[in-house]
Amino acid sequence: MKRYNGLLAGIATVILAIAIFISSNYISRSVNTTIGPDFMPKLMAVILCIFGLLMIIREWKLLRDNRTQEAEKTDDEEQPETKSWKRFVKKYIDIIILILLIIYPVLVSTIGFMLASIIYMIGHILLMMLNQKKRNYLLVILYSIGFSAVAYLFFIKVLHVMLPSGILG
Amino acid sequence: MISDILGGLMSLMDVSVLFLLFGGVIVGIIFGAIPGLSATMAVTLFLPFTYAMNITPGISLLLGLYVGGVSGGLISAILINIPGTPSSIATTFDGGPLAKHGLAGKALGVAIVFSFLGGLFSFIALLLIAPQIALLALKFSPVEYFAVIAFSMTLVSSLAGKDFIRGIISACIGLFISQIGSAPIDGTVRFTLGFKELSGGFDLVAVMIGFFAIPEILQAARDSVRNTKIVKVNFEKIKGFGFSFKEFVTQIPNFIRSALIGTGIGILPGIGGGTSNILAYMAAQKSSKHPEKFGTGIIDGVVASESANNAAIGGAAIPLLTMGIPGDPVTAVLLGGLIVKGIAPGPLFLSTQGKLFYTIFFGLMIANVMMIIAQFSGLRFFVKLLNINKAFMLPSIVVLCSIGAFGSTNRVFNIYAMMICGLVAYTLIRFKFPVTPIIISYVLGNMLEENLRRGLMFTDGNFLGFFKSPIAAVFLAIGILSVVYSIILELKRARTKKVTA
């Protein structure tokens with residue numbers, strides 16, 4: 001699967017280039033200039049497309065010559081995991097954290113900054129501690145509450161930054 | 001002019017300003033020392049908080065963070081062989097081996113002293129060269145500006161990493177991101193997908209933090225589920241400076257060459273410490289009488305790298321202040337900070353804002369002194385920080401980044417923007433695209449386009465007219481040559497691969 005990374009990237013690039021070019025046509029132009037606001041995007045889309053195609057050609061050639069690109073450092077230095085859900089989480093941990101990162105602003109706008117930060121931090125810290133044998137849950141909870149509270153108070157009181165308030169402010 | 005010089009110096013002689021400068025240096029060193037955090041992140045994170053301050057305290061904080069951040073990288077580069085910031089990558093080449101052989105004290109001492117001297121060299125260069133360049137830039141038309149910016153961008157894209165094709169694609173992606181929002185000159189809104197909040201384009205803070213911090217966080221998450229051993233660092237004091245006077249003297253030629261490279265790279269728009277440290281290292285190796293010793297643990301390598309990365313600071317300030325073109329990502333953030341205050345750097349900056357220019361100069365000088373004192377005396381403290389559990393540190397950083405992103409525009413939307421930029425950056429990194437061209441193209445994109453369009457108005461739509469200007473012709477020619485050179489290299493590589501199949 002990793003062997004197709006380059007090819008996928010090339011194809012995605014070409015698709016992006018076409019999308020940019022097409023949507024550039026919808027940019028409104030003022031009447032008198034020869035070079036309008038659609039010029040740079042279109043020029044750039046063309047360059048992007050050319051290089052995307054070059055990439056596809058190059059990757060295709062490499063695949064055809066049956067050689068993978070510089071050997072990938074094996075990512076499988078994990079301990080053999082017995083529990084399957086843990087195995088799943090460990091494999092996709094970056095995507096899980098990414099989802100958590102996107103949920104965080106959602107929480108901030110709905111339940112307020114402090115509560116959102118506490119929940120987010122507990123989640124993120126625990127996820128990062130999956131490999132640790134000893135997990136001090138109390139410390140994690142206390143730290144998350146403490147840090148969020150201190151940050152919140154500091155930024156509101158001392159620096160007068162306005163932070164979204166919700167249930168707990 | 002004397003009144004400007006004195007005025008600039010006096011504006012710093014205030015307890016709160018000096019406190020911010022010093023605090024900036026300390027926090028900067030911390031950000032620089034911890035791998036995953038960088039000088040750019042530090043400056044970007046604190047930028048929104050300077051909005052409420054006056055210009056002198058605000059700029060002092062940012063300058064302190066800059067100087068501290070660039071130099072902090074040497075600590076982890078030497079002690080744990082991981083660069084704290086991209087500016088210290090080449091420091092690991094010899095710094096790591098030196099530490100392994102029990103010579104960490106010497107490596108650290110050398111690195112700190114020459115960081116200080118490299119910075120000093122470039123600040124004096126700033127003082128002396130900036131007025132000349134400002135005079136030159138006064139004669140610049142959009143044609144010359146375009147040529148300089150295009151030259152920089154092609155240089156970075158074509159030389160970024162081993163993959164020329166990916167470099168150009170990265171640059172185009174960066175350009176595209178810069179095109180989201182209002183177009184230069186006519187203000188037409190582009191590519192906002194209906195989001196009103198994007199009509200001004202992506203917020204600089206959201207993009208910078210998104211691109212630099214988020215991928216690190218995701219990568220750290222992946223590392224945390226691996227069996228990577230956590231190395232605990234211990235370090236005692238350095239005896240004196242750590243190295244002898246004789247060693248110092250023998251390094252002087254190396255230092256001068258590296259500082260020149262650093263300052264020069266800094267002057268080139270968009271590129272700074274991250275590039276200069278590696279180039280200086282390579283140059284030192286080539287010029288050395290014993291090139292084979294590089295990489296085994298000689299101080300020459302550390303001197304070259306650390307002189308160059310700090311020298312890039314003063315260098316990067318030159319185009320920023322004389323042309324309004326950022327010399328590296330950090331100065332791009334500083335530019336944003338100045339514009340928010342209603343100050344637009346450019347050829348007239350030195351004459352209309354002379355006092356501020358000297359404030360910046362003296363600020364950098366004082367921060368530099370604070371840096372060397374802080375590093376030597378506080379080393380144990382900084383080393384302890386390297387041992388903090390990332391599981392606690394990184395989520396805390398995310399919270400702070402989110403406050404920063406929010407504080408920049410007072411909209412939660414900006415936090416989303418930051419995460420989306422992070423997602424894009426992480427995806428690109430996983431597909432092995434270089435990040436540097438993206439950032440530089442994003443930072444310079446609008447200026448590139450504006451000057452291209454204005455330049456074409458000058459030459460009545462004829463692009464070849466750009467070559468009528470000697471300065472522009474030279475820069476454009478070099479830019480084109482670098483692209484051609486990279487294409488040739490790439491073809492050669494493809495050919496040799498086929499032969500060895």
# chains A, B, ... in the order shown; residues from 1 in each chain; ligands from 1

call {"tool": "interface_residues", "arguments": {"of": "chain B", "to": "chain A", "cutoff": "6 Å", "atoms": "only C-alpha atoms", "output": "PyMOL selection string"}}
result
chain B and resi 169+218+221+224-227+391-392+395

call {"tool": "write_last_selection", "arguments": {"atoms": "all heavy atoms", "output": "compact mmCIF listing (two decimals), in the first residue's frame"}}
result
# COMPACT_ATOMS: atom_id res chain seq x y z
N ILE B 169 5.49 21.26 -6.27
CA ILE B 169 4.08 21.06 -5.91
C ILE B 169 3.79 21.71 -4.56
O ILE B 169 2.77 22.38 -4.36
CB ILE B 169 3.73 19.56 -5.89
CG1 ILE B 169 3.85 18.99 -7.30
CG2 ILE B 169 2.33 19.33 -5.34
CD1 ILE B 169 3.55 17.51 -7.39
N LEU B 218 0.86 15.26 16.13
CA LEU B 218 0.39 13.98 15.60
C LEU B 218 1.54 12.99 15.51
O LEU B 218 1.38 11.80 15.79
CB LEU B 218 -0.25 14.21 14.23
CG LEU B 218 -1.52 15.07 14.31
CD1 LEU B 218 -2.01 15.43 12.92
CD2 LEU B 218 -2.61 14.33 15.06
N ALA B 221 2.26 11.63 18.82
CA ALA B 221 1.28 10.62 19.21
C ALA B 221 1.69 9.26 18.64
O ALA B 221 1.62 8.24 19.33
CB ALA B 221 -0.10 11.02 18.70
N SER B 224 4.48 7.88 20.60
CA SER B 224 4.17 7.46 21.97
C SER B 224 3.68 6.02 22.01
O SER B 224 3.78 5.36 23.03
CB SER B 224 3.11 8.38 22.57
OG SER B 224 1.85 8.16 21.96
N VAL B 225 3.15 5.51 20.88
CA VAL B 225 2.68 4.13 20.92
C VAL B 225 3.76 3.17 20.44
O VAL B 225 3.54 1.99 20.30
CB VAL B 225 1.40 3.93 20.08
CG1 VAL B 225 0.28 4.76 20.63
CG2 VAL B 225 1.64 4.25 18.63
N ARG B 226 4.91 3.73 20.19
CA ARG B 226 6.00 2.87 19.79
C ARG B 226 6.87 2.55 20.97
O ARG B 226 6.75 3.13 22.03
CB ARG B 226 6.85 3.55 18.72
CG ARG B 226 6.84 2.76 17.48
CD ARG B 226 7.11 3.59 16.28
NE ARG B 226 5.91 3.54 15.49
CZ ARG B 226 5.45 4.54 14.80
NH1 ARG B 226 6.08 5.65 14.80
NH2 ARG B 226 4.37 4.42 14.12
N ASN B 227 7.80 1.65 20.77
CA ASN B 227 8.65 1.26 21.88
C ASN B 227 9.87 2.13 22.04
O ASN B 227 10.90 1.69 22.48
CB ASN B 227 9.12 -0.18 21.68
CG ASN B 227 8.29 -1.13 22.48
OD1 ASN B 227 7.52 -0.71 23.30
ND2 ASN B 227 8.46 -2.41 22.21
N ALA B 391 3.40 13.51 27.09
CA ALA B 391 1.96 13.27 27.18
C ALA B 391 1.25 14.44 27.84
O ALA B 391 0.12 14.77 27.52
CB ALA B 391 1.69 11.99 27.95
N PHE B 392 1.93 15.08 28.80
CA PHE B 392 1.33 16.24 29.46
C PHE B 392 1.63 17.52 28.72
O PHE B 392 0.82 18.44 28.66
CB PHE B 392 1.86 16.35 30.90
CG PHE B 392 1.26 15.35 31.83
CD1 PHE B 392 1.86 14.12 32.03
CD2 PHE B 392 0.08 15.64 32.49
CE1 PHE B 392 1.28 13.19 32.88
CE2 PHE B 392 -0.50 14.71 33.35
CZ PHE B 392 0.10 13.49 33.54
N PRO B 395 -0.54 18.28 24.93
CA PRO B 395 -1.91 18.79 25.03
C PRO B 395 -1.96 20.19 25.62
O PRO B 395 -2.81 21.00 25.22
CB PRO B 395 -2.59 17.77 25.96
CG PRO B 395 -1.82 16.51 25.78
CD PRO B 395 -0.40 16.96 25.58

call {"tool": "residues_around", "arguments": {"residues": "stretch 310-320 of chain B", "least_positions_apart": "3", "cutoff": "9 Å", "atoms": "only C-alpha atoms", "output": "PyMOL selection string"}}
result
chain B and resi 66-67+70-71+87+114-127+129-130+133-134+258-274+276-277+305-307+323-328+330-332+334-335+345-346+361+364

call {"tool": "residues_around", "arguments": {"residues": "stretch 210-215 of chain B", "least_positions_apart": "2", "cutoff": "7 Å", "atoms": "only C-alpha atoms", "output": "JSON, numbers by chain"}}
result
{"B": [37, 41, 206, 207, 208, 217, 218, 219, 418, 419, 421, 422, 425, 426]}

call {"tool": "write_last_selection", "arguments": {"atoms": "all heavy atoms", "output": "tab-separated table (two decimals), in the first residue's frame"}}
result
chain	number	residue	atom	x	y	z
B	37	LEU	N	8.87	21.95	19.30
B	37	LEU	CA	8.54	23.37	19.41
B	37	LEU	C	9.66	24.15	18.73
B	37	LEU	O	10.80	23.71	18.73
B	37	LEU	CB	8.42	23.80	20.86
B	37	LEU	CG	7.45	23.02	21.73
B	37	LEU	CD1	7.44	23.58	23.13
B	37	LEU	CD2	6.05	23.07	21.15
B	41	MET	N	7.17	28.94	16.10
B	41	MET	CA	5.97	28.70	16.90
B	41	MET	C	5.89	29.67	18.06
B	41	MET	O	4.82	30.18	18.38
B	41	MET	CB	6.00	27.29	17.47
B	41	MET	CG	5.34	26.27	16.60
B	41	MET	SD	5.30	24.70	17.43
B	41	MET	CE	4.22	25.10	18.81
B	206	ALA	N	-3.04	31.14	12.47
B	206	ALA	CA	-3.64	29.81	12.28
B	206	ALA	C	-2.78	28.97	11.35
B	206	ALA	O	-2.53	27.80	11.62
B	206	ALA	CB	-5.06	29.95	11.72
B	207	VAL	N	-2.31	29.56	10.28
B	207	VAL	CA	-1.51	28.80	9.32
B	207	VAL	C	-0.18	28.39	9.93
B	207	VAL	O	0.23	27.24	9.84
B	207	VAL	CB	-1.26	29.63	8.03
B	207	VAL	CG1	-0.30	28.91	7.12
B	207	VAL	CG2	-2.57	29.89	7.33
B	208	MET	N	0.49	29.32	10.56
B	208	MET	CA	1.82	29.01	11.10
B	208	MET	C	1.74	27.94	12.18
B	208	MET	O	2.48	26.95	12.15
B	208	MET	CB	2.44	30.28	11.71
B	208	MET	CG	2.90	31.28	10.67
B	208	MET	SD	4.23	30.61	9.66
B	208	MET	CE	4.93	32.12	9.06
B	217	ILE	N	2.56	17.33	16.88
B	217	ILE	CA	1.72	16.70	17.89
B	217	ILE	C	1.26	15.33	17.41
B	217	ILE	O	1.26	14.36	18.17
B	217	ILE	CB	0.53	17.62	18.22
B	217	ILE	CG1	1.06	18.82	18.98
B	217	ILE	CG2	-0.55	16.89	18.99
B	217	ILE	CD1	0.08	19.93	19.12
B	218	LEU	N	0.86	15.26	16.13
B	218	LEU	CA	0.39	13.98	15.60
B	218	LEU	C	1.54	12.99	15.51
B	218	LEU	O	1.38	11.80	15.79
B	218	LEU	CB	-0.25	14.21	14.23
B	218	LEU	CG	-1.52	15.07	14.31
B	218	LEU	CD1	-2.01	15.43	12.92
B	218	LEU	CD2	-2.61	14.33	15.06
B	219	GLN	N	2.71	13.48	15.13
B	219	GLN	CA	3.86	12.60	15.05
B	219	GLN	C	4.24	12.09	16.43
B	219	GLN	O	4.59	10.92	16.61
B	219	GLN	CB	5.06	13.34	14.42
B	219	GLN	CG	6.29	12.49	14.22
B	219	GLN	CD	6.03	11.32	13.31
B	219	GLN	OE1	5.36	11.41	12.29
B	219	GLN	NE2	6.55	10.16	13.70
B	418	MET	N	-6.89	26.55	12.19
B	418	MET	CA	-5.60	26.04	12.63
B	418	MET	C	-5.55	24.52	12.50
B	418	MET	O	-4.57	23.95	12.00
B	418	MET	CB	-5.38	26.46	14.08
B	418	MET	CG	-4.11	25.96	14.69
B	418	MET	SD	-3.91	26.62	16.34
B	418	MET	CE	-4.80	25.41	17.29
B	419	MET	N	-6.60	23.86	12.94
B	419	MET	CA	-6.62	22.40	12.88
B	419	MET	C	-6.64	21.91	11.44
B	419	MET	O	-5.97	20.92	11.09
B	419	MET	CB	-7.84	21.84	13.63
B	419	MET	CG	-7.95	22.25	15.09
B	419	MET	SD	-6.47	21.82	16.04
B	419	MET	CE	-6.98	22.30	17.70
B	421	CYS	N	-5.43	23.47	8.80
B	421	CYS	CA	-4.08	23.66	8.27
B	421	CYS	C	-3.17	22.55	8.77
B	421	CYS	O	-2.32	22.04	8.03
B	421	CYS	CB	-3.50	25.01	8.69
B	421	CYS	SG	-4.21	26.39	7.81
B	422	GLY	N	-3.36	22.18	10.03
B	422	GLY	CA	-2.55	21.11	10.59
B	422	GLY	C	-2.81	19.80	9.87
B	422	GLY	O	-1.88	19.05	9.56
B	425	ALA	N	-1.13	19.98	6.50
B	425	ALA	CA	0.32	19.87	6.65
B	425	ALA	C	0.73	18.44	6.97
B	425	ALA	O	1.68	17.90	6.40
B	425	ALA	CB	0.81	20.81	7.74
B	426	TYR	N	0.00	17.81	7.88
B	426	TYR	CA	0.35	16.45	8.28
B	426	TYR	C	0.21	15.49	7.11
B	426	TYR	O	1.05	14.62	6.89
B	426	TYR	CB	-0.53	16.02	9.46
B	426	TYR	CG	-0.19	14.67	10.01
B	426	TYR	CD1	1.04	14.45	10.62
B	426	TYR	CD2	-1.08	13.62	9.92
B	426	TYR	CE1	1.36	13.20	11.13
B	426	TYR	CE2	-0.76	12.38	10.43
B	426	TYR	CZ	0.45	12.17	11.04
B	426	TYR	OH	0.76	10.94	11.54

call {"tool": "residues_around", "arguments": {"residues": "B:Met13", "least_positions_apart": "2", "cutoff": "12 Å", "atoms": "only C-alpha atoms", "output": "JSON, numbers by chain"}}
result
{"B": [6, 7, 8, 9, 10, 11, 15, 16, 17, 18, 19, 20, 21, 56, 57, 60, 359, 362, 363, 366]}

call {"tool": "residues_around", "arguments": {"residues": "B:Val156", "least_positions_apart": "6", "cutoff": "9 Å", "atoms": "only C-alpha atoms", "output": "list in words"}}
result
Gly167, Ala171, Gly270, Ile271, Thr436, Pro437 and Ile440 of chain B

call {"tool": "closest_residue", "arguments": {"among": "B:Leu108, B:Ile471, B:Leu491, B:Ala147", "to": "B:Gly455", "atoms": "only C-alpha atoms"}}
result
B:Ala147

call {"tool": "select_by_dssp", "arguments": {"residues": "stretch 266-364 of chain B", "states": "helix (DSSP H, G or I)", "output": "ChimeraX atom specification"}}
result
/B:266-267,273-287,291-293,299-323,329-340,349-352,354-364

call {"tool": "write_last_selection", "arguments": {"atoms": "C-alpha atoms", "output": "mmCIF file, in the first residue's frame"}}
result
data_model
loop_
_atom_site.group_PDB
_atom_site.id
_atom_site.type_symbol
_atom_site.label_atom_id
_atom_site.label_comp_id
_atom_site.auth_asym_id
_atom_site.auth_seq_id
_atom_site.Cartn_x
_atom_site.Cartn_y
_atom_site.Cartn_z
ATOM 1 C CA GLY B 266 18.866 35.387 5.991
ATOM 2 C CA ILE B 267 18.787 38.262 3.548
ATOM 3 C CA GLY B 273 18.200 29.659 9.895
ATOM 4 C CA GLY B 274 16.714 26.364 8.834
ATOM 5 C CA THR B 275 18.630 26.433 5.574
ATOM 6 C CA SER B 276 21.715 28.378 6.599
ATOM 7 C CA ASN B 277 22.912 25.950 9.261
ATOM 8 C CA ILE B 278 23.094 23.063 6.818
ATOM 9 C CA LEU B 279 24.709 25.111 4.048
ATOM 10 C CA ALA B 280 27.293 26.527 6.437
ATOM 11 C CA TYR B 281 28.103 23.032 7.674
ATOM 12 C CA MET B 282 28.578 21.775 4.135
ATOM 13 C CA ALA B 283 30.727 24.762 3.266
ATOM 14 C CA ALA B 284 32.853 24.243 6.355
ATOM 15 C CA GLN B 285 33.349 20.621 5.457
ATOM 16 C CA LYS B 286 34.345 21.451 1.889
ATOM 17 C CA SER B 287 36.805 24.133 2.971
ATOM 18 C CA PRO B 291 36.781 16.938 5.777
ATOM 19 C CA GLU B 292 36.628 13.296 6.759
ATOM 20 C CA LYS B 293 36.559 14.279 10.420
ATOM 21 C CA ILE B 299 33.804 21.498 17.014
ATOM 22 C CA ASP B 300 34.140 22.931 13.505
ATOM 23 C CA GLY B 301 30.779 21.481 12.583
ATOM 24 C CA VAL B 302 29.060 22.906 15.639
ATOM 25 C CA VAL B 303 30.674 26.311 15.117
ATOM 26 C CA ALA B 304 29.552 26.441 11.488
ATOM 27 C CA SER B 305 25.978 25.450 12.226
ATOM 28 C CA GLU B 306 25.373 27.641 15.244
ATOM 29 C CA SER B 307 27.122 30.709 13.831
ATOM 30 C CA ALA B 308 25.049 30.513 10.684
ATOM 31 C CA ASN B 309 21.661 30.002 12.266
ATOM 32 C CA ASN B 310 21.970 32.976 14.588
ATOM 33 C CA ALA B 311 23.508 35.060 11.826
ATOM 34 C CA ALA B 312 20.360 34.483 9.796
ATOM 35 C CA ILE B 313 18.411 36.536 12.352
ATOM 36 C CA GLY B 314 20.033 39.861 11.534
ATOM 37 C CA GLY B 315 20.101 38.911 7.868
ATOM 38 C CA ALA B 316 16.381 38.205 7.796
ATOM 39 C CA ALA B 317 15.648 41.553 9.403
ATOM 40 C CA ILE B 318 17.288 43.384 6.514
ATOM 41 C CA PRO B 319 14.752 42.678 3.736
ATOM 42 C CA LEU B 320 11.978 42.918 6.304
ATOM 43 C CA LEU B 321 12.822 46.442 7.332
ATOM 44 C CA THR B 322 14.138 47.794 4.049
ATOM 45 C CA MET B 323 11.714 46.229 1.596
ATOM 46 C CA PRO B 329 9.112 32.661 8.515
ATOM 47 C CA VAL B 330 9.734 34.396 11.848
ATOM 48 C CA THR B 331 10.167 37.801 10.247
ATOM 49 C CA ALA B 332 6.993 37.046 8.314
ATOM 50 C CA VAL B 333 5.216 36.888 11.646
ATOM 51 C CA LEU B 334 7.011 40.041 12.811
ATOM 52 C CA LEU B 335 5.832 41.752 9.638
ATOM 53 C CA GLY B 336 2.277 40.823 10.557
ATOM 54 C CA GLY B 337 2.854 42.252 14.005
ATOM 55 C CA LEU B 338 4.162 45.542 12.664
ATOM 56 C CA ILE B 339 1.339 45.941 10.159
ATOM 57 C CA VAL B 340 -1.237 45.443 12.885
ATOM 58 C CA PHE B 349 11.066 52.784 7.063
ATOM 59 C CA LEU B 350 14.551 53.828 8.068
ATOM 60 C CA SER B 351 13.894 57.462 7.389
ATOM 61 C CA THR B 352 10.395 57.741 8.816
ATOM 62 C CA GLY B 354 14.413 55.679 12.454
ATOM 63 C CA LYS B 355 13.868 55.406 16.175
ATOM 64 C CA LEU B 356 12.033 52.087 15.808
ATOM 65 C CA PHE B 357 14.823 50.751 13.613
ATOM 66 C CA TYR B 358 17.338 51.451 16.352
ATOM 67 C CA THR B 359 14.984 50.058 18.956
ATOM 68 C CA ILE B 360 14.988 46.822 17.003
ATOM 69 C CA PHE B 361 18.761 46.887 16.600
ATOM 70 C CA PHE B 362 19.447 47.494 20.278
ATOM 71 C CA GLY B 363 16.720 45.061 21.227
ATOM 72 C CA LEU B 364 18.454 42.335 19.263
#

call {"tool": "residues_around", "arguments": {"residues": "B:Val435", "least_positions_apart": "5", "cutoff": "8 Å", "atoms": "only C-alpha atoms", "output": "PyMOL selection string"}}
result
chain B and resi 170+425+428-429

call {"tool": "write_last_selection", "arguments": {"atoms": "all heavy atoms", "output": "PDB file, in the first residue's frame"}}
result
ATOM      1  N   SER B 170       4.721  21.527  -3.608  1.00  0.00           N
ATOM      2  CA  SER B 170       4.551  22.166  -2.299  1.00  0.00           C
ATOM      3  C   SER B 170       4.446  23.673  -2.447  1.00  0.00           C
ATOM      4  O   SER B 170       3.592  24.310  -1.830  1.00  0.00           O
ATOM      5  CB  SER B 170       5.741  21.848  -1.386  1.00  0.00           C
ATOM      6  OG  SER B 170       5.700  20.532  -0.942  1.00  0.00           O
ATOM      7  N   ALA B 425      -1.125  19.977   6.500  1.00  0.00           N
ATOM      8  CA  ALA B 425       0.321  19.867   6.646  1.00  0.00           C
ATOM      9  C   ALA B 425       0.730  18.437   6.968  1.00  0.00           C
ATOM     10  O   ALA B 425       1.676  17.896   6.397  1.00  0.00           O
ATOM     11  CB  ALA B 425       0.812  20.812   7.739  1.00  0.00           C
ATOM     12  N   LEU B 428       0.425  16.181   3.945  1.00  0.00           N
ATOM     13  CA  LEU B 428       1.516  16.414   2.996  1.00  0.00           C
ATOM     14  C   LEU B 428       2.818  15.813   3.497  1.00  0.00           C
ATOM     15  O   LEU B 428       3.591  15.240   2.736  1.00  0.00           O
ATOM     16  CB  LEU B 428       1.677  17.916   2.752  1.00  0.00           C
ATOM     17  CG  LEU B 428       0.525  18.543   1.964  1.00  0.00           C
ATOM     18  CD1 LEU B 428       0.589  20.054   2.024  1.00  0.00           C
ATOM     19  CD2 LEU B 428       0.580  18.086   0.522  1.00  0.00           C
ATOM     20  N   ILE B 429       3.064  15.957   4.807  1.00  0.00           N
ATOM     21  CA  ILE B 429       4.298  15.409   5.350  1.00  0.00           C
ATOM     22  C   ILE B 429       4.307  13.890   5.225  1.00  0.00           C
ATOM     23  O   ILE B 429       5.316  13.281   4.882  1.00  0.00           O
ATOM     24  CB  ILE B 429       4.466  15.830   6.827  1.00  0.00           C
ATOM     25  CG1 ILE B 429       4.736  17.332   6.909  1.00  0.00           C
ATOM     26  CG2 ILE B 429       5.601  15.071   7.497  1.00  0.00           C
ATOM     27  CD1 ILE B 429       4.751  17.867   8.308  1.00  0.00           C
TER      28      ILE B 429
END

call {"tool": "atom_distance", "arguments": {"atom1": "atom CA of B:Asn462", "atom2": "atom CA of B:Phe146"}}
result
14.2 Å

call {"tool": "atom_distance", "arguments": {"atom1": "atom CA of B:Phe202", "atom2": "atom CA of B:Thr188"}}
result
15.1 Å
